[in-house]
file my_file_25.cif (mmCIF, N, CA and C atoms)
data_structure
loop_
_atom_site.label_atom_id
_atom_site.label_comp_id
_atom_site.auth_asym_id
_atom_site.auth_seq_id
_atom_site.Cartn_x
_atom_site.Cartn_y
_atom_site.Cartn_z
N MET A 1295 64.87 -81.68 152.65
CA MET A 1295 64.20 -80.92 153.68
C MET A 1295 63.14 -80.05 153.01
N SER A 1296 62.03 -79.88 153.65
CA SER A 1296 60.94 -79.14 153.05
C SER A 1296 61.20 -77.63 153.09
N ASP A 1297 60.44 -76.91 152.25
CA ASP A 1297 60.58 -75.46 152.17
C ASP A 1297 60.20 -74.76 153.45
N ARG A 1298 59.38 -75.39 154.26
CA ARG A 1298 58.93 -74.72 155.49
C ARG A 1298 60.08 -74.40 156.42
N PHE A 1299 61.18 -75.14 156.33
CA PHE A 1299 62.32 -74.88 157.19
C PHE A 1299 63.20 -73.76 156.66
N HIS A 1300 62.99 -73.38 155.42
CA HIS A 1300 63.79 -72.32 154.83
C HIS A 1300 63.05 -70.98 154.85
N GLN A 1301 61.84 -70.98 155.35
CA GLN A 1301 61.08 -69.75 155.48
C GLN A 1301 61.45 -69.07 156.79
N THR A 1302 61.26 -67.76 156.84
CA THR A 1302 61.50 -67.03 158.08
C THR A 1302 60.40 -67.40 159.07
N PRO A 1303 60.80 -67.84 160.27
CA PRO A 1303 59.78 -68.21 161.27
C PRO A 1303 58.94 -66.99 161.66
N ASN A 1304 57.75 -67.27 162.11
CA ASN A 1304 56.85 -66.24 162.61
C ASN A 1304 57.15 -66.10 164.10
N TRP A 1305 58.02 -65.16 164.46
CA TRP A 1305 58.42 -65.00 165.85
C TRP A 1305 57.24 -64.56 166.69
N GLN A 1306 57.16 -65.12 167.87
CA GLN A 1306 55.99 -64.95 168.73
C GLN A 1306 56.25 -63.92 169.83
N PRO A 1307 55.18 -63.26 170.28
CA PRO A 1307 55.32 -62.36 171.43
C PRO A 1307 55.49 -63.18 172.71
N ILE A 1308 55.98 -62.54 173.74
CA ILE A 1308 56.24 -63.23 175.02
C ILE A 1308 54.97 -63.84 175.60
N ALA A 1309 53.82 -63.35 175.21
CA ALA A 1309 52.56 -63.92 175.69
C ALA A 1309 52.40 -65.38 175.24
N MET A 1310 53.16 -65.78 174.24
CA MET A 1310 53.10 -67.15 173.73
C MET A 1310 54.07 -68.08 174.47
N LEU A 1311 54.72 -67.59 175.50
CA LEU A 1311 55.66 -68.41 176.26
C LEU A 1311 55.04 -69.72 176.75
N PRO A 1312 53.82 -69.71 177.29
CA PRO A 1312 53.24 -71.00 177.74
C PRO A 1312 53.04 -71.99 176.59
N VAL A 1313 52.71 -71.49 175.42
CA VAL A 1313 52.50 -72.38 174.27
C VAL A 1313 53.83 -72.99 173.83
N ILE A 1314 54.85 -72.16 173.74
CA ILE A 1314 56.17 -72.66 173.36
C ILE A 1314 56.69 -73.64 174.41
N ALA A 1315 56.43 -73.33 175.68
CA ALA A 1315 56.84 -74.23 176.77
C ALA A 1315 56.17 -75.59 176.61
N GLN A 1316 54.90 -75.57 176.28
CA GLN A 1316 54.17 -76.83 176.09
C GLN A 1316 54.73 -77.60 174.90
N LEU A 1317 55.08 -76.92 173.83
CA LEU A 1317 55.66 -77.59 172.66
C LEU A 1317 57.01 -78.22 172.99
N ILE A 1318 57.84 -77.48 173.72
CA ILE A 1318 59.16 -78.00 174.08
C ILE A 1318 59.03 -79.16 175.07
N ASP A 1319 58.26 -78.97 176.13
CA ASP A 1319 58.09 -80.02 177.14
C ASP A 1319 57.44 -81.26 176.54
N GLY A 1320 56.40 -81.06 175.75
CA GLY A 1320 55.71 -82.18 175.12
C GLY A 1320 56.59 -82.91 174.13
N GLY A 1321 57.35 -82.15 173.35
CA GLY A 1321 58.26 -82.77 172.39
C GLY A 1321 59.34 -83.58 173.07
N LEU A 1322 59.87 -83.05 174.17
CA LEU A 1322 60.89 -83.79 174.93
C LEU A 1322 60.30 -85.07 175.51
N SER A 1323 59.11 -84.99 176.05
CA SER A 1323 58.45 -86.16 176.63
C SER A 1323 58.21 -87.23 175.56
N ASP A 1324 57.70 -86.82 174.41
CA ASP A 1324 57.46 -87.76 173.31
C ASP A 1324 58.77 -88.39 172.83
N THR A 1325 59.82 -87.60 172.78
CA THR A 1325 61.12 -88.09 172.33
C THR A 1325 61.69 -89.09 173.34
N GLN A 1326 61.47 -88.84 174.63
CA GLN A 1326 61.92 -89.79 175.65
C GLN A 1326 61.20 -91.13 175.49
N GLU A 1327 59.91 -91.09 175.21
CA GLU A 1327 59.15 -92.33 174.98
C GLU A 1327 59.66 -93.06 173.75
N GLN A 1328 59.92 -92.30 172.69
CA GLN A 1328 60.43 -92.90 171.46
C GLN A 1328 61.79 -93.56 171.72
N TYR A 1329 62.63 -92.91 172.48
CA TYR A 1329 63.94 -93.46 172.80
C TYR A 1329 63.81 -94.76 173.57
N GLN A 1330 62.91 -94.81 174.54
CA GLN A 1330 62.71 -96.04 175.30
C GLN A 1330 62.25 -97.18 174.39
N THR A 1331 61.38 -96.88 173.47
CA THR A 1331 60.91 -97.89 172.51
C THR A 1331 62.06 -98.38 171.64
N LEU A 1332 62.88 -97.46 171.17
CA LEU A 1332 64.01 -97.85 170.33
C LEU A 1332 65.03 -98.66 171.12
N GLN A 1333 65.22 -98.33 172.39
CA GLN A 1333 66.14 -99.12 173.22
C GLN A 1333 65.65 -100.56 173.34
N GLN A 1334 64.35 -100.75 173.46
CA GLN A 1334 63.80 -102.11 173.54
C GLN A 1334 64.07 -102.86 172.24
N ALA A 1335 63.96 -102.17 171.13
CA ALA A 1335 64.21 -102.80 169.83
C ALA A 1335 65.69 -103.14 169.67
N GLN A 1336 66.55 -102.36 170.30
CA GLN A 1336 67.99 -102.58 170.19
C GLN A 1336 68.38 -103.96 170.71
N GLY A 1337 67.71 -104.43 171.72
CA GLY A 1337 68.04 -105.73 172.30
C GLY A 1337 67.39 -106.90 171.58
N ARG A 1338 66.60 -106.61 170.56
CA ARG A 1338 65.89 -107.67 169.84
C ARG A 1338 66.16 -107.53 168.35
N SER A 1339 66.77 -108.54 167.78
CA SER A 1339 67.14 -108.50 166.37
C SER A 1339 65.92 -108.47 165.46
N TYR A 1340 65.98 -107.65 164.45
CA TYR A 1340 65.04 -107.64 163.32
C TYR A 1340 63.58 -107.38 163.72
N THR A 1341 63.36 -106.49 164.67
CA THR A 1341 61.99 -106.20 165.09
C THR A 1341 61.42 -104.97 164.39
N LEU A 1342 62.27 -104.16 163.79
CA LEU A 1342 61.80 -102.96 163.10
C LEU A 1342 61.89 -103.17 161.59
N ASP A 1343 61.10 -102.38 160.86
CA ASP A 1343 61.17 -102.45 159.40
C ASP A 1343 61.81 -101.17 158.86
N ASP A 1344 62.19 -101.21 157.59
CA ASP A 1344 62.86 -100.08 156.97
C ASP A 1344 62.01 -98.81 157.00
N ASP A 1345 60.70 -98.94 156.77
CA ASP A 1345 59.83 -97.76 156.78
C ASP A 1345 59.80 -97.09 158.15
N THR A 1346 59.76 -97.87 159.20
CA THR A 1346 59.78 -97.31 160.56
C THR A 1346 61.08 -96.56 160.79
N ILE A 1347 62.18 -97.15 160.39
CA ILE A 1347 63.49 -96.50 160.55
C ILE A 1347 63.51 -95.17 159.78
N ARG A 1348 63.02 -95.18 158.55
CA ARG A 1348 62.99 -93.94 157.75
C ARG A 1348 62.13 -92.87 158.40
N ARG A 1349 60.98 -93.27 158.95
CA ARG A 1349 60.10 -92.29 159.62
C ARG A 1349 60.77 -91.70 160.86
N VAL A 1350 61.45 -92.54 161.64
CA VAL A 1350 62.13 -92.05 162.84
C VAL A 1350 63.23 -91.07 162.45
N ILE A 1351 64.00 -91.40 161.43
CA ILE A 1351 65.08 -90.51 160.98
C ILE A 1351 64.50 -89.19 160.49
N LYS A 1352 63.45 -89.26 159.70
CA LYS A 1352 62.82 -88.03 159.17
C LYS A 1352 62.29 -87.17 160.32
N PHE A 1353 61.61 -87.79 161.25
CA PHE A 1353 61.05 -87.06 162.39
C PHE A 1353 62.15 -86.44 163.25
N ALA A 1354 63.20 -87.18 163.52
CA ALA A 1354 64.30 -86.66 164.35
C ALA A 1354 65.00 -85.50 163.66
N ASN A 1355 65.16 -85.58 162.35
CA ASN A 1355 65.79 -84.48 161.62
C ASN A 1355 64.89 -83.25 161.59
N GLU A 1356 63.59 -83.45 161.47
CA GLU A 1356 62.66 -82.32 161.53
C GLU A 1356 62.67 -81.69 162.92
N GLN A 1357 62.71 -82.52 163.95
CA GLN A 1357 62.79 -82.01 165.32
C GLN A 1357 64.03 -81.15 165.50
N LYS A 1358 65.14 -81.60 164.93
CA LYS A 1358 66.39 -80.86 165.05
C LYS A 1358 66.21 -79.43 164.51
N GLU A 1359 65.52 -79.30 163.40
CA GLU A 1359 65.26 -77.98 162.83
C GLU A 1359 64.40 -77.14 163.77
N PHE A 1360 63.37 -77.74 164.33
CA PHE A 1360 62.50 -77.01 165.26
C PHE A 1360 63.25 -76.61 166.52
N LEU A 1361 64.19 -77.42 166.97
CA LEU A 1361 64.96 -77.08 168.16
C LEU A 1361 65.74 -75.78 167.95
N HIS A 1362 66.25 -75.60 166.75
CA HIS A 1362 66.95 -74.35 166.43
C HIS A 1362 65.99 -73.16 166.48
N ILE A 1363 64.80 -73.37 165.97
CA ILE A 1363 63.79 -72.29 165.96
C ILE A 1363 63.38 -71.96 167.39
N TYR A 1364 63.13 -72.98 168.20
CA TYR A 1364 62.77 -72.73 169.60
C TYR A 1364 63.88 -71.97 170.33
N ALA A 1365 65.12 -72.38 170.11
CA ALA A 1365 66.24 -71.72 170.76
C ALA A 1365 66.33 -70.26 170.34
N GLU A 1366 66.13 -70.00 169.07
CA GLU A 1366 66.17 -68.61 168.59
C GLU A 1366 65.03 -67.79 169.20
N GLN A 1367 63.85 -68.41 169.32
CA GLN A 1367 62.72 -67.70 169.93
C GLN A 1367 63.04 -67.33 171.37
N LEU A 1368 63.60 -68.25 172.12
CA LEU A 1368 63.97 -67.96 173.51
C LEU A 1368 65.02 -66.85 173.58
N THR A 1369 65.98 -66.90 172.69
CA THR A 1369 67.03 -65.87 172.65
C THR A 1369 66.41 -64.50 172.36
N ARG A 1370 65.47 -64.45 171.46
CA ARG A 1370 64.81 -63.17 171.14
C ARG A 1370 64.03 -62.65 172.35
N TRP A 1371 63.36 -63.55 173.06
CA TRP A 1371 62.60 -63.12 174.23
C TRP A 1371 63.52 -62.58 175.31
N LYS A 1372 64.70 -63.14 175.43
CA LYS A 1372 65.62 -62.72 176.48
C LYS A 1372 66.06 -61.26 176.31
N THR A 1373 65.90 -60.71 175.12
CA THR A 1373 66.27 -59.31 174.89
C THR A 1373 65.16 -58.35 175.32
N GLU A 1374 63.99 -58.89 175.65
CA GLU A 1374 62.85 -58.06 176.03
C GLU A 1374 62.85 -57.82 177.54
N LYS A 1375 62.01 -56.90 177.95
CA LYS A 1375 61.81 -56.65 179.38
C LYS A 1375 60.89 -57.76 179.89
N LEU A 1376 61.44 -58.60 180.77
CA LEU A 1376 60.73 -59.79 181.24
C LEU A 1376 60.48 -59.72 182.74
N SER A 1377 59.43 -60.41 183.15
CA SER A 1377 59.20 -60.56 184.59
C SER A 1377 60.17 -61.62 185.11
N ALA A 1378 60.31 -61.70 186.40
CA ALA A 1378 61.18 -62.71 187.01
C ALA A 1378 60.71 -64.12 186.64
N ALA A 1379 59.40 -64.33 186.65
CA ALA A 1379 58.84 -65.65 186.31
C ALA A 1379 59.14 -66.01 184.85
N GLN A 1380 59.04 -65.03 183.95
CA GLN A 1380 59.33 -65.28 182.54
C GLN A 1380 60.81 -65.63 182.35
N LYS A 1381 61.69 -64.91 183.05
CA LYS A 1381 63.12 -65.21 182.96
C LYS A 1381 63.42 -66.63 183.43
N LEU A 1382 62.80 -67.02 184.54
CA LEU A 1382 63.01 -68.38 185.06
C LEU A 1382 62.49 -69.43 184.09
N GLU A 1383 61.35 -69.16 183.51
CA GLU A 1383 60.77 -70.13 182.56
C GLU A 1383 61.65 -70.25 181.32
N ILE A 1384 62.16 -69.15 180.83
CA ILE A 1384 63.03 -69.20 179.66
C ILE A 1384 64.31 -69.98 179.99
N GLU A 1385 64.87 -69.76 181.16
CA GLU A 1385 66.06 -70.52 181.58
C GLU A 1385 65.74 -72.01 181.67
N ARG A 1386 64.59 -72.35 182.22
CA ARG A 1386 64.19 -73.76 182.32
C ARG A 1386 64.05 -74.37 180.93
N LEU A 1387 63.43 -73.62 180.03
CA LEU A 1387 63.23 -74.12 178.68
C LEU A 1387 64.55 -74.28 177.93
N GLU A 1388 65.49 -73.41 178.19
CA GLU A 1388 66.81 -73.57 177.57
C GLU A 1388 67.45 -74.88 178.03
N GLN A 1389 67.28 -75.22 179.30
CA GLN A 1389 67.80 -76.50 179.80
C GLN A 1389 67.06 -77.68 179.17
N GLN A 1390 65.77 -77.52 178.99
CA GLN A 1390 64.99 -78.57 178.33
C GLN A 1390 65.48 -78.78 176.90
N LEU A 1391 65.81 -77.67 176.22
CA LEU A 1391 66.31 -77.79 174.85
C LEU A 1391 67.65 -78.50 174.80
N VAL A 1392 68.49 -78.30 175.80
CA VAL A 1392 69.77 -79.02 175.87
C VAL A 1392 69.50 -80.52 175.95
N LYS A 1393 68.60 -80.92 176.84
CA LYS A 1393 68.25 -82.34 176.98
C LYS A 1393 67.64 -82.87 175.68
N PHE A 1394 66.76 -82.08 175.10
CA PHE A 1394 66.07 -82.45 173.87
C PHE A 1394 67.08 -82.68 172.75
N ARG A 1395 68.03 -81.76 172.59
CA ARG A 1395 69.05 -81.88 171.54
C ARG A 1395 69.90 -83.13 171.75
N GLU A 1396 70.32 -83.36 172.99
CA GLU A 1396 71.15 -84.53 173.30
C GLU A 1396 70.40 -85.82 173.00
N LEU A 1397 69.13 -85.88 173.40
CA LEU A 1397 68.34 -87.08 173.16
C LEU A 1397 68.09 -87.28 171.68
N ASN A 1398 67.84 -86.21 170.96
CA ASN A 1398 67.63 -86.29 169.52
C ASN A 1398 68.88 -86.85 168.84
N THR A 1399 70.04 -86.38 169.24
CA THR A 1399 71.31 -86.88 168.69
C THR A 1399 71.50 -88.36 169.03
N THR A 1400 71.15 -88.73 170.26
CA THR A 1400 71.27 -90.12 170.69
C THR A 1400 70.35 -91.02 169.86
N ILE A 1401 69.14 -90.55 169.61
CA ILE A 1401 68.18 -91.33 168.81
C ILE A 1401 68.72 -91.53 167.40
N LEU A 1402 69.25 -90.48 166.80
CA LEU A 1402 69.78 -90.61 165.45
C LEU A 1402 70.94 -91.61 165.40
N ALA A 1403 71.78 -91.62 166.43
CA ALA A 1403 72.88 -92.59 166.48
C ALA A 1403 72.35 -94.01 166.66
N LEU A 1404 71.36 -94.16 167.52
CA LEU A 1404 70.77 -95.49 167.76
C LEU A 1404 70.09 -96.02 166.51
N VAL A 1405 69.35 -95.18 165.83
CA VAL A 1405 68.67 -95.60 164.61
C VAL A 1405 69.68 -95.97 163.53
N ASP A 1406 70.81 -95.30 163.53
CA ASP A 1406 71.86 -95.63 162.57
C ASP A 1406 72.32 -97.08 162.79
N GLN A 1407 72.37 -97.52 164.04
CA GLN A 1407 72.71 -98.92 164.33
C GLN A 1407 71.56 -99.86 163.97
N LEU A 1408 70.34 -99.45 164.35
CA LEU A 1408 69.18 -100.31 164.15
C LEU A 1408 68.83 -100.52 162.68
N LYS A 1409 69.20 -99.59 161.83
CA LYS A 1409 68.85 -99.72 160.42
C LYS A 1409 69.52 -100.93 159.77
N GLU A 1410 70.56 -101.45 160.40
CA GLU A 1410 71.23 -102.65 159.89
C GLU A 1410 70.55 -103.93 160.38
N GLN A 1411 69.54 -103.79 161.25
CA GLN A 1411 68.89 -104.96 161.84
C GLN A 1411 67.39 -105.00 161.54
N THR A 1412 66.97 -104.46 160.41
CA THR A 1412 65.54 -104.46 160.10
C THR A 1412 65.10 -105.84 159.60
N ILE A 1413 63.82 -106.04 159.62
CA ILE A 1413 63.27 -107.32 159.14
C ILE A 1413 63.60 -107.54 157.67
N GLU A 1414 63.64 -106.46 156.90
CA GLU A 1414 63.99 -106.60 155.48
C GLU A 1414 65.43 -107.10 155.31
N LYS A 1415 66.33 -106.65 156.19
CA LYS A 1415 67.72 -107.13 156.14
C LYS A 1415 67.77 -108.62 156.48
N PHE A 1416 66.95 -109.03 157.44
CA PHE A 1416 66.88 -110.44 157.83
C PHE A 1416 66.37 -111.29 156.67
N LEU A 1417 65.28 -110.84 156.05
CA LEU A 1417 64.68 -111.62 154.96
C LEU A 1417 65.58 -111.70 153.73
N ALA A 1418 66.50 -110.77 153.59
CA ALA A 1418 67.41 -110.78 152.44
C ALA A 1418 68.57 -111.76 152.64
N LYS A 1419 68.72 -112.31 153.83
CA LYS A 1419 69.83 -113.22 154.13
C LYS A 1419 69.50 -114.64 153.67
N SER A 1420 70.55 -115.35 153.37
CA SER A 1420 70.38 -116.77 153.02
C SER A 1420 70.15 -117.58 154.28
N ASP A 1421 69.65 -118.79 154.10
CA ASP A 1421 69.46 -119.69 155.24
C ASP A 1421 70.78 -119.96 155.95
N GLU A 1422 71.86 -120.05 155.17
CA GLU A 1422 73.17 -120.30 155.75
C GLU A 1422 73.60 -119.14 156.66
N GLU A 1423 73.39 -117.90 156.19
CA GLU A 1423 73.76 -116.73 156.99
C GLU A 1423 72.96 -116.68 158.29
N ILE A 1424 71.67 -117.00 158.20
CA ILE A 1424 70.82 -117.00 159.39
C ILE A 1424 71.26 -118.09 160.35
N GLY A 1425 71.55 -119.26 159.81
CA GLY A 1425 72.02 -120.36 160.65
C GLY A 1425 73.32 -120.02 161.36
N LEU A 1426 74.23 -119.41 160.65
CA LEU A 1426 75.51 -119.02 161.25
C LEU A 1426 75.30 -117.97 162.34
N GLU A 1427 74.45 -116.98 162.08
CA GLU A 1427 74.17 -115.96 163.11
C GLU A 1427 73.56 -116.61 164.35
N PHE A 1428 72.68 -117.58 164.13
CA PHE A 1428 72.06 -118.28 165.25
C PHE A 1428 73.12 -119.03 166.06
N LEU A 1429 73.98 -119.77 165.37
CA LEU A 1429 75.02 -120.54 166.06
C LEU A 1429 76.01 -119.64 166.80
N LEU A 1430 76.25 -118.46 166.27
CA LEU A 1430 77.18 -117.52 166.91
C LEU A 1430 76.51 -116.69 168.00
N GLY A 1431 75.20 -116.92 168.20
CA GLY A 1431 74.47 -116.21 169.24
C GLY A 1431 74.16 -114.75 168.91
N LYS A 1432 74.14 -114.44 167.63
CA LYS A 1432 73.88 -113.05 167.21
C LYS A 1432 72.40 -112.76 167.01
N LEU A 1433 71.57 -113.78 167.04
CA LEU A 1433 70.13 -113.58 166.88
C LEU A 1433 69.45 -113.57 168.23
N ASN A 1434 68.60 -112.59 168.42
CA ASN A 1434 67.83 -112.48 169.65
C ASN A 1434 66.42 -112.06 169.27
N PHE A 1435 65.47 -112.98 169.36
CA PHE A 1435 64.10 -112.70 168.97
C PHE A 1435 63.17 -112.54 170.16
N GLN A 1436 63.70 -112.47 171.35
CA GLN A 1436 62.86 -112.39 172.55
C GLN A 1436 62.36 -111.00 172.77
#
call {"tool": "encode", "arguments": {"input": "my_file_25.cif", "output": "structure tokens"}}
result
Amino acid sequence: MSDRFHQTPNWQPIAMLPVIAQLIDGGLSDTQEQYQTLQQAQGRSYTLDDDTIRRVIKFANEQKEFLHIYAEQLTRWKTEKLSAAQKLEIERLEQQLVKFRELNTTILALVDQLKEQTIEKFLAKSDEEIGLEFLLGKLNFQ
């Protein structure tokens, strides 16, 4: 993990709530798209490569660190004197973070399965192993 995650975050004033909201909402949206893409790969054998899997794992782990920072920022804001609209937005964002965390965990579990089905794993197999997988119906290239 890089040193940037071990540094003290630069906590933001409540005026930055819209920016943090955009980061959380945008990150969740991007993660949902990534999950849909990975689900499509799950049904098709050997469509991803090892580098893609490594990048997804690295990105998901970095996101996990940011989720903790976002949660702490929201918690800090909740101790301030807030308007009703700010309170509602912070509550909404806390719910978004719950969804974000769950999806991030789901992606990491899915990638853990997919890493055994990369194109490099396929190319490392013998013709006999590939033939047997084909006969057993374990190969799906559609």
call {"tool": "resolve_selection", "arguments": {"input": "my_file_25.cif", "expression": "the PyMOL selection byres (((chain A and resi 1307 and name CA) around 10) and name CA)", "output": "ChimeraX atom specification"}}
result
/A:1304-1306,1308-1311,1367,1370-1371,1374
call {"tool": "resolve_selection", "arguments": {"input": "my_file_25.cif", "expression": "the PyMOL selection byres (((chain A and resi 1327-1340 and name CA) around 9) and name CA)", "output": "list of chain:residue names"}}
result
A:Leu1322, A:Ser1323, A:Asp1324, A:Thr1325, A:Gln1326, A:Thr1341, A:Leu1342, A:Asp1343, A:Val1350, A:Leu1397, A:Asn1398, A:Thr1400, A:Ile1401, A:Leu1404, A:Val1405, A:Gln1407, A:Leu1408, A:Glu1410, A:Gln1411, A:Thr1412, A:Ile1413, A:Glu1414, A:Lys1415, A:Phe1416, A:Lys1432, A:Leu1433, A:Asn1434, A:Phe1435, A:Gln1436
call {"tool": "select_by_dssp", "arguments": {"input": "my_file_25.cif", "residues": "chain A", "states": "alpha helix (DSSP H)", "output": "PyMOL selection string"}}
result
chain A and resi 1311-1336+1344-1372+1378-1408+1413-1417+1421-1429
call {"tool": "resolve_selection", "arguments": {"input": "my_file_25.cif", "expression": "the PyMOL selection byres ((chain A and resi 1351-1359) around 8)", "output": "PyMOL selection string"}}
result
chain A and resi 1299+1345-1350+1360-1365+1394-1395+1398-1399+1401-1402+1405-1406
call {"tool": "atom_distance", "arguments": {"input": "my_file_25.cif", "atom1": "atom C of A:Asp1319", "atom2": "atom C of A:Gln1390"}}
result
8.4 Å
call {"tool": "atom_distance", "arguments": {"input": "my_file_25.cif", "atom1": "atom N of A:Ile1314", "atom2": "atom CA of A:Leu1368"}}
result
10.0 Å
call {"tool": "closest_residue", "arguments": {"input": "my_file_25.cif", "among": "A:Ala1418, A:Leu1387, A:Leu1426, A:Leu1376", "to": "A:Gln1316", "atoms": "only C-alpha atoms"}}
result
A:Leu1387
call {"tool": "residues_near_point", "arguments": {"input": "my_file_25.cif", "point": "(56.1, -71.7, 182.1)", "cutoff": "6 Å", "atoms": "all atoms listed in the file", "output": "PyMOL selection string"}}
result
chain A and resi 1311-1312+1315+1383
call {"tool": "atom_distance", "arguments": {"input": "my_file_25.cif", "atom1": "atom C of A:Gly1431", "atom2": "atom CA of A:Lys1409"}}
result
18.1 Å
call {"tool": "build_atoms", "arguments": {"input": "my_file_25.cif", "residues": "stretch 1370-1386 of chain A", "atoms": "N, CA, C and O atoms", "output": "CSV table (one decimal), in the coordinates of the input"}}
result
chain,number,residue,atom,x,y,z
A,1370,ARG,N,65.5,-64.4,171.5
A,1370,ARG,CA,64.8,-63.2,171.1
A,1370,ARG,C,64.0,-62.6,172.4
A,1370,ARG,O,64.1,-61.5,172.6
A,1371,TRP,N,63.4,-63.6,173.1
A,1371,TRP,CA,62.6,-63.1,174.2
A,1371,TRP,C,63.5,-62.6,175.3
A,1371,TRP,O,63.1,-61.7,176.1
A,1372,LYS,N,64.7,-63.1,175.4
A,1372,LYS,CA,65.6,-62.7,176.5
A,1372,LYS,C,66.1,-61.3,176.3
A,1372,LYS,O,66.5,-60.6,177.3
A,1373,THR,N,65.9,-60.7,175.1
A,1373,THR,CA,66.3,-59.3,174.9
A,1373,THR,C,65.2,-58.4,175.3
A,1373,THR,O,65.4,-57.1,175.3
A,1374,GLU,N,64.0,-58.9,175.6
A,1374,GLU,CA,62.8,-58.1,176.0
A,1374,GLU,C,62.8,-57.8,177.5
A,1374,GLU,O,63.6,-58.5,178.3
A,1375,LYS,N,62.0,-56.9,178.0
A,1375,LYS,CA,61.8,-56.6,179.4
A,1375,LYS,C,60.9,-57.8,179.9
A,1375,LYS,O,59.7,-57.9,179.5
A,1376,LEU,N,61.4,-58.6,180.8
A,1376,LEU,CA,60.7,-59.8,181.2
A,1376,LEU,C,60.5,-59.7,182.7
A,1376,LEU,O,61.3,-59.1,183.5
A,1377,SER,N,59.4,-60.4,183.2
A,1377,SER,CA,59.2,-60.6,184.6
A,1377,SER,C,60.2,-61.6,185.1
A,1377,SER,O,60.8,-62.4,184.3
A,1378,ALA,N,60.3,-61.7,186.4
A,1378,ALA,CA,61.2,-62.7,187.0
A,1378,ALA,C,60.7,-64.1,186.6
A,1378,ALA,O,61.5,-65.0,186.3
A,1379,ALA,N,59.4,-64.3,186.6
A,1379,ALA,CA,58.8,-65.6,186.3
A,1379,ALA,C,59.1,-66.0,184.8
A,1379,ALA,O,59.5,-67.2,184.5
A,1380,GLN,N,59.0,-65.0,184.0
A,1380,GLN,CA,59.3,-65.3,182.5
A,1380,GLN,C,60.8,-65.6,182.4
A,1380,GLN,O,61.1,-66.5,181.6
A,1381,LYS,N,61.7,-64.9,183.0
A,1381,LYS,CA,63.1,-65.2,183.0
A,1381,LYS,C,63.4,-66.6,183.4
A,1381,LYS,O,64.2,-67.4,182.8
A,1382,LEU,N,62.8,-67.0,184.5
A,1382,LEU,CA,63.0,-68.4,185.1
A,1382,LEU,C,62.5,-69.4,184.1
A,1382,LEU,O,63.1,-70.5,183.9
A,1383,GLU,N,61.4,-69.2,183.5
A,1383,GLU,CA,60.8,-70.1,182.6
A,1383,GLU,C,61.6,-70.2,181.3
A,1383,GLU,O,61.9,-71.4,180.8
A,1384,ILE,N,62.2,-69.2,180.8
A,1384,ILE,CA,63.0,-69.2,179.7
A,1384,ILE,C,64.3,-70.0,180.0
A,1384,ILE,O,64.8,-70.8,179.2
A,1385,GLU,N,64.9,-69.8,181.2
A,1385,GLU,CA,66.1,-70.5,181.6
A,1385,GLU,C,65.7,-72.0,181.7
A,1385,GLU,O,66.5,-72.9,181.2
A,1386,ARG,N,64.6,-72.4,182.2
A,1386,ARG,CA,64.2,-73.8,182.3
A,1386,ARG,C,64.0,-74.4,180.9
A,1386,ARG,O,64.5,-75.5,180.7
